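Written below as structure tokens is the structure these notes are about.
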Amino acid sequence: MKVKILRQVSPFSESYWETFDADVPGETSVAALIDHINYNDDITDETGRPTTRIGWECSCLQGVCGSCAMVINEVPSLACETFVRDLVKDGNGTITIRPLRKFPIVHDLVVDRSSIFENLKKTSMYVEEYRPSSKAKKAKQKEELAHRYQTAKCLKCGLCLEVCPNYVNGERFLGALFANDCYLVSSRNPERSAEVGKQYAEHFAAGCSKSLSCMDVCPMKIPTIASMAKMNRKA
Ligand code: FES
């Protein structure tokens, strides 16, 4: 099996493709496949030319931190949740891996996703303090809990932004993860609804063309369309 990886030594250098030979079972995740290539000190490419270890990020290796987000066979995916058996048949074929395109490259497959968090800070799109609700409010909020719980699972991995045809660099349109956070904040802090609705209108509703490809690639299967339906009313 061939593994073709788009590499880049530093933020200022040119990117280039490098191909490796790898022989791993189908049950291997792409995260473990990269580890397998990186395992020895004397790494060589498919031609036998010595090369360096592949830079990439991971933490949990079980699909909960989002740090291993990358593009695998042209599909934005988590490396630890994507398996070789689903990418090549009988161990034959080529797997292509490249970093997310909507963020600055740090090194190889490592990108700088700090713009996601800076934008959430800039728009105050976070729950500021816990204020216990009254009994009546609690009963009403119960209906919202399933949606809220699902939405709160967002990893901020950036896969929804990678696939979005409208998200460019996070300067104005902030993508599906922002829309979901708007829903989360306004449903937990109803007194902020008007302000959040305004931010949603400016940074999401005005730019979304509703391709909804973000929902196809979301590793947590967040129902963005349901968040949009609720937020559109407020906006
Ligand atoms: S390493 Fe945490 S999601 Fe893949």
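Residue numbering restarts at 1 for every chain of the structure tokens, chains are lettered A, B, ... in their displayed order, and ligands are numbered from 1 as they appear.
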9 Å from ligand 1 is the threshold here; counting only C-alpha atoms and all ligand atoms, which polymer residues fall inside it? Answer as a short mmCIF file (atom, residue, chain, number, x, y, z; two decimals) with N, CA and C atoms, in the first residue's frame.
data_model
loop_
_atom_site.label_atom_id
_atom_site.label_comp_id
_atom_site.auth_asym_id
_atom_site.auth_seq_id
_atom_site.Cartn_x
_atom_site.Cartn_y
_atom_site.Cartn_z
N ALA A 31 -4.26 7.22 12.05
CA ALA A 31 -3.35 7.71 13.10
C ALA A 31 -2.25 6.67 13.36
N GLU A 57 -0.64 15.88 14.69
CA GLU A 57 -1.08 16.11 16.06
C GLU A 57 -2.08 15.06 16.49
N CYS A 58 -2.00 14.64 17.74
CA CYS A 58 -3.05 13.78 18.29
C CYS A 58 -3.00 13.93 19.81
N SER A 59 -4.10 13.55 20.44
CA SER A 59 -4.09 13.54 21.90
C SER A 59 -4.84 12.32 22.40
N CYS A 60 -6.14 12.27 22.15
CA CYS A 60 -6.95 11.20 22.76
C CYS A 60 -6.88 9.87 22.01
N LEU A 61 -6.72 9.90 20.71
CA LEU A 61 -6.76 8.72 19.84
C LEU A 61 -8.07 7.95 19.96
N GLN A 62 -9.13 8.63 20.36
CA GLN A 62 -10.44 7.98 20.39
C GLN A 62 -11.57 8.92 19.98
N GLY A 63 -11.25 9.85 19.11
CA GLY A 63 -12.29 10.68 18.50
C GLY A 63 -12.94 11.69 19.43
N VAL A 64 -12.25 12.14 20.48
CA VAL A 64 -12.88 13.13 21.34
C VAL A 64 -12.14 14.47 21.47
N CYS A 65 -10.91 14.56 20.95
CA CYS A 65 -10.20 15.85 21.12
C CYS A 65 -10.17 16.67 19.83
N GLY A 66 -10.27 16.02 18.69
CA GLY A 66 -10.32 16.72 17.40
C GLY A 66 -8.98 17.15 16.85
N SER A 67 -7.89 16.86 17.57
CA SER A 67 -6.60 17.39 17.11
C SER A 67 -6.06 16.68 15.87
N CYS A 68 -6.53 15.48 15.57
CA CYS A 68 -5.98 14.74 14.42
C CYS A 68 -6.77 15.00 13.13
N ALA A 69 -7.52 16.11 13.07
CA ALA A 69 -8.30 16.43 11.87
C ALA A 69 -7.37 16.66 10.68
N LEU A 78 -11.18 12.61 10.90
CA LEU A 78 -10.28 12.43 12.04
C LEU A 78 -9.42 11.20 11.74
N ALA A 79 -8.10 11.34 11.87
CA ALA A 79 -7.20 10.22 11.54
C ALA A 79 -7.42 9.02 12.45
N CYS A 80 -7.77 9.29 13.73
CA CYS A 80 -7.91 8.17 14.66
C CYS A 80 -9.23 7.43 14.48
N GLU A 81 -10.15 7.99 13.69
CA GLU A 81 -11.45 7.36 13.48
C GLU A 81 -11.63 6.87 12.05
N LEU A 155 -16.14 19.40 18.74
CA LEU A 155 -14.72 19.25 19.08
C LEU A 155 -13.89 20.46 18.67
N CYS A 157 -12.80 20.85 15.81
CA CYS A 157 -11.72 20.23 15.03
C CYS A 157 -11.49 20.96 13.70
N PRO A 219 -17.70 14.74 12.89
CA PRO A 219 -17.48 13.46 13.56
C PRO A 219 -18.46 13.22 14.71
#
message: I need the residues of range 2-233 of chain A that end up classed as helix (DSSP H, G or I) by DSSP on the backbone, written out as a PyMOL selection string.
response: chain A and resi 30-38+79-81+84-86+114-122+135-142+145-151+159-163+175-188+190-205+213-217+224-233
Per residue of range 64-105 of chain A within 7 Å of range 2-6 of chain A, note the shortest atom pair and the distance in Å to one decimal, counting only C-alpha atoms, and order the rows by chain and increasing residue number, as a Markdown table.
| residue | atom | partner | partner_atom | distance |
| --- | --- | --- | --- | --- |
| A:Gly93 | CA | A:Lys2 | CA | 6.3 |
| A:Thr94 | CA | A:Lys2 | CA | 4.6 |
| A:Ile95 | CA | A:Val3 | CA | 4.9 |
| A:Thr96 | CA | A:Lys4 | CA | 4.7 |
| A:Ile97 | CA | A:Ile5 | CA | 4.8 |
| A:Arg98 | CA | A:Leu6 | CA | 4.9 |
query: What's the 12 Å shell around Tyr183 in chain A, counting only C-alpha atoms, without same-chain residues fewer than 6 positions away, as a ChimeraX atom specification?
result: /A:125-127,144,147-152,176-177,189-190,192-197,199-200,204,222-235
field: CA of Ile54 in chain A to CA of Met220 in chain A, distance in Å rounded to a single decimal
entry: 26.8 Å
query: Pick from A:Asp216, A:Glu27, A:Glu143, A:Asp35: nearest to Leu87 in chain A, with only C-alpha atoms counted?
result: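 That would be A:Glu27, the residue with the smallest distance to Leu87 in chain A.
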Those of range 86-135 of chain A in DSSP strand (DSSP E or B), formatted as JSON, numbers by chain: {"A": [89, 92, 94, 95, 96, 97, 98, 105, 106, 107, 110, 111]}
Using only N, CA and C atoms, please write the residues we just selected to a file, as a PDB file, in the first residue's frame.
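File again-v3.pdb, as written:
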ATOM      1  N   LYS A  89      -8.632  -1.372  -0.860  1.00  0.00           N
ATOM      2  CA  LYS A  89      -9.150  -2.750  -0.880  1.00  0.00           C
ATOM      3  C   LYS A  89      -7.984  -3.729  -0.780  1.00  0.00           C
ATOM      4  N   ASN A  92      -4.312  -2.918  -0.985  1.00  0.00           N
ATOM      5  CA  ASN A  92      -3.712  -2.356  -2.201  1.00  0.00           C
ATOM      6  C   ASN A  92      -4.320  -0.995  -2.499  1.00  0.00           C
ATOM      7  N   THR A  94      -3.678   3.488  -2.930  1.00  0.00           N
ATOM      8  CA  THR A  94      -2.947   4.614  -2.344  1.00  0.00           C
ATOM      9  C   THR A  94      -3.858   5.391  -1.412  1.00  0.00           C
ATOM     10  N   ILE A  95      -3.332   5.749  -0.265  1.00  0.00           N
ATOM     11  CA  ILE A  95      -4.053   6.633   0.659  1.00  0.00           C
ATOM     12  C   ILE A  95      -3.376   8.002   0.559  1.00  0.00           C
ATOM     13  N   THR A  96      -4.157   9.030   0.291  1.00  0.00           N
ATOM     14  CA  THR A  96      -3.548  10.366   0.260  1.00  0.00           C
ATOM     15  C   THR A  96      -3.973  11.141   1.507  1.00  0.00           C
ATOM     16  N   ILE A  97      -3.005  11.821   2.076  1.00  0.00           N
ATOM     17  CA  ILE A  97      -3.253  12.578   3.313  1.00  0.00           C
ATOM     18  C   ILE A  97      -2.682  13.981   3.138  1.00  0.00           C
ATOM     19  N   ARG A  98      -3.503  14.963   3.456  1.00  0.00           N
ATOM     20  CA  ARG A  98      -2.970  16.332   3.443  1.00  0.00           C
ATOM     21  C   ARG A  98      -3.581  17.118   4.589  1.00  0.00           C
ATOM     22  N   ILE A 105      -0.454  26.527   7.841  1.00  0.00           N
ATOM     23  CA  ILE A 105       0.316  25.319   8.147  1.00  0.00           C
ATOM     24  C   ILE A 105       1.397  25.656   9.176  1.00  0.00           C
ATOM     25  N   VAL A 106       1.555  24.792  10.148  1.00  0.00           N
ATOM     26  CA  VAL A 106       2.654  24.932  11.105  1.00  0.00           C
ATOM     27  C   VAL A 106       3.801  24.026  10.655  1.00  0.00           C
ATOM     28  N   HIS A 107       3.471  22.751  10.435  1.00  0.00           N
ATOM     29  CA  HIS A 107       4.480  21.776   9.993  1.00  0.00           C
ATOM     30  C   HIS A 107       3.746  20.524   9.499  1.00  0.00           C
ATOM     31  N   VAL A 110       0.270  19.502  10.735  1.00  0.00           N
ATOM     32  CA  VAL A 110      -0.118  20.335  11.893  1.00  0.00           C
ATOM     33  C   VAL A 110      -0.526  21.720  11.389  1.00  0.00           C
ATOM     34  N   VAL A 111      -1.744  22.141  11.747  1.00  0.00           N
ATOM     35  CA  VAL A 111      -2.198  23.484  11.336  1.00  0.00           C
ATOM     36  C   VAL A 111      -2.515  24.320  12.573  1.00  0.00           C
TER      37      VAL A 111
END
Gap from CA of Glu191 in chain A to CA of Leu145 in chain A - Å, one decimal: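 So the answer is 17.9 Å.
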Quick one: everything within 12 Å of range 119-122 of chain A, counting only C-alpha atoms, minus sequence neighbours fewer than 2 positions away in the same chain. Send it as an mmCIF file with C-alpha atoms, in the first residue's frame.
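Saved as result_31.cif:
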data_model
loop_
_atom_site.group_PDB
_atom_site.id
_atom_site.type_symbol
_atom_site.label_atom_id
_atom_site.label_comp_id
_atom_site.auth_asym_id
_atom_site.auth_seq_id
_atom_site.Cartn_x
_atom_site.Cartn_y
_atom_site.Cartn_z
ATOM 1 C CA ARG A 113 -6.564 26.532 14.366
ATOM 2 C CA SER A 114 -6.353 29.365 16.880
ATOM 3 C CA SER A 115 -8.597 31.544 14.641
ATOM 4 C CA ILE A 116 -11.537 29.318 15.684
ATOM 5 C CA PHE A 117 -11.047 30.194 19.346
ATOM 6 C CA SER A 124 -18.342 36.389 23.164
ATOM 7 C CA MET A 125 -19.785 33.081 21.987
ATOM 8 C CA TYR A 126 -19.314 31.166 25.180
ATOM 9 C CA VAL A 127 -21.407 30.531 28.275
ATOM 10 C CA GLU A 128 -20.209 33.047 30.831
ATOM 11 C CA LYS A 156 -13.735 22.500 17.313
ATOM 12 C CA ASN A 169 -10.408 32.479 6.475
ATOM 13 C CA GLY A 170 -12.743 33.197 9.358
ATOM 14 C CA GLU A 171 -12.785 36.953 8.858
ATOM 15 C CA ARG A 172 -16.541 37.351 8.456
ATOM 16 C CA PHE A 173 -18.362 34.057 7.884
ATOM 17 C CA LEU A 174 -17.573 31.772 10.818
ATOM 18 C CA GLY A 175 -19.162 28.483 9.736
ATOM 19 C CA LEU A 177 -19.360 25.467 14.547
ATOM 20 C CA PHE A 178 -20.204 29.127 15.187
ATOM 21 C CA ALA A 179 -23.898 28.562 14.352
ATOM 22 C CA ASN A 180 -24.021 25.671 16.805
ATOM 23 C CA ASP A 181 -22.319 27.698 19.511
ATOM 24 C CA CYS A 182 -24.824 30.519 18.932
ATOM 25 C CA VAL A 185 -25.265 30.084 24.195
ATOM 26 C CA VAL A 196 -26.476 36.341 19.937
ATOM 27 C CA GLN A 199 -23.972 37.905 15.776
ATOM 28 C CA TYR A 200 -25.530 34.842 14.138
ATOM 29 C CA HIS A 203 -21.371 35.909 10.958
#
message: Neighbouring residues of Asp108 in chain A were defined as those with any atom within 7 Å, considering only C-alpha atoms; residues of the same chain fewer than 4 positions away were excluded. Please report them as an MDAnalysis selection string.
response: chainID A and resid 6:9 54:56
Would you export the selected residues with N, CA and C atoms as an mmCIF file, in the first residue's frame, please?
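And here is the file that came out, again.cif:
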data_model
loop_
_atom_site.group_PDB
_atom_site.id
_atom_site.type_symbol
_atom_site.label_atom_id
_atom_site.label_comp_id
_atom_site.auth_asym_id
_atom_site.auth_seq_id
_atom_site.Cartn_x
_atom_site.Cartn_y
_atom_site.Cartn_z
ATOM 1 N N LEU A 6 1.077 15.129 1.875
ATOM 2 C CA LEU A 6 1.507 16.487 1.518
ATOM 3 C C LEU A 6 2.275 17.071 2.701
ATOM 4 N N ARG A 7 3.534 17.384 2.477
ATOM 5 C CA ARG A 7 4.392 17.829 3.566
ATOM 6 C C ARG A 7 4.820 19.286 3.393
ATOM 7 N N GLN A 8 5.173 19.896 4.481
ATOM 8 C CA GLN A 8 5.682 21.278 4.452
ATOM 9 C C GLN A 8 6.515 21.475 5.711
ATOM 10 N N VAL A 9 7.786 21.776 5.521
ATOM 11 C CA VAL A 9 8.710 21.819 6.659
ATOM 12 C C VAL A 9 8.327 22.916 7.656
ATOM 13 N N ILE A 54 7.086 12.418 9.968
ATOM 14 C CA ILE A 54 5.928 13.223 9.557
ATOM 15 C C ILE A 54 5.361 13.934 10.787
ATOM 16 N N GLY A 55 5.189 15.259 10.675
ATOM 17 C CA GLY A 55 4.622 16.028 11.786
ATOM 18 C C GLY A 55 3.110 15.933 11.762
ATOM 19 N N TRP A 56 2.511 15.592 12.849
ATOM 20 C CA TRP A 56 1.040 15.558 12.954
ATOM 21 C C TRP A 56 0.669 15.683 14.413
#
- prompt: Which one of A:Tyr16, A:Asp23, A:Thr52, A:Asn166 sits closest to Leu212 in chain A if you count only C-alpha atoms?
  reply: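 Under the stated criterion, the closest residue is A:Asn166.
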task: Rank A:Ala32, A:Ala22, A:Val217, A:Val71 by their smallest atom-to-atom distance to Gly91 in chain A, using only C-alpha atoms, and report the top residue only.
output: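 The closest residue to Gly91 in chain A is A:Ala22.
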field: Of the listed residues A:Asp90, A:Thr82, A:Val163, A:Ser13, that which approaches Thr28 in chain A most closely, counting only C-alpha atoms
entry: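 Under the stated criterion, the closest residue is A:Thr82.
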- prompt: Which residue, A:Arg188, A:Ala206, A:Cys160, A:Thr123, has the smallest gap to Ser77 in chain A when you use only C-alpha atoms?
  reply: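 For Ser77 in chain A, the nearest of the candidates is A:Cys160.
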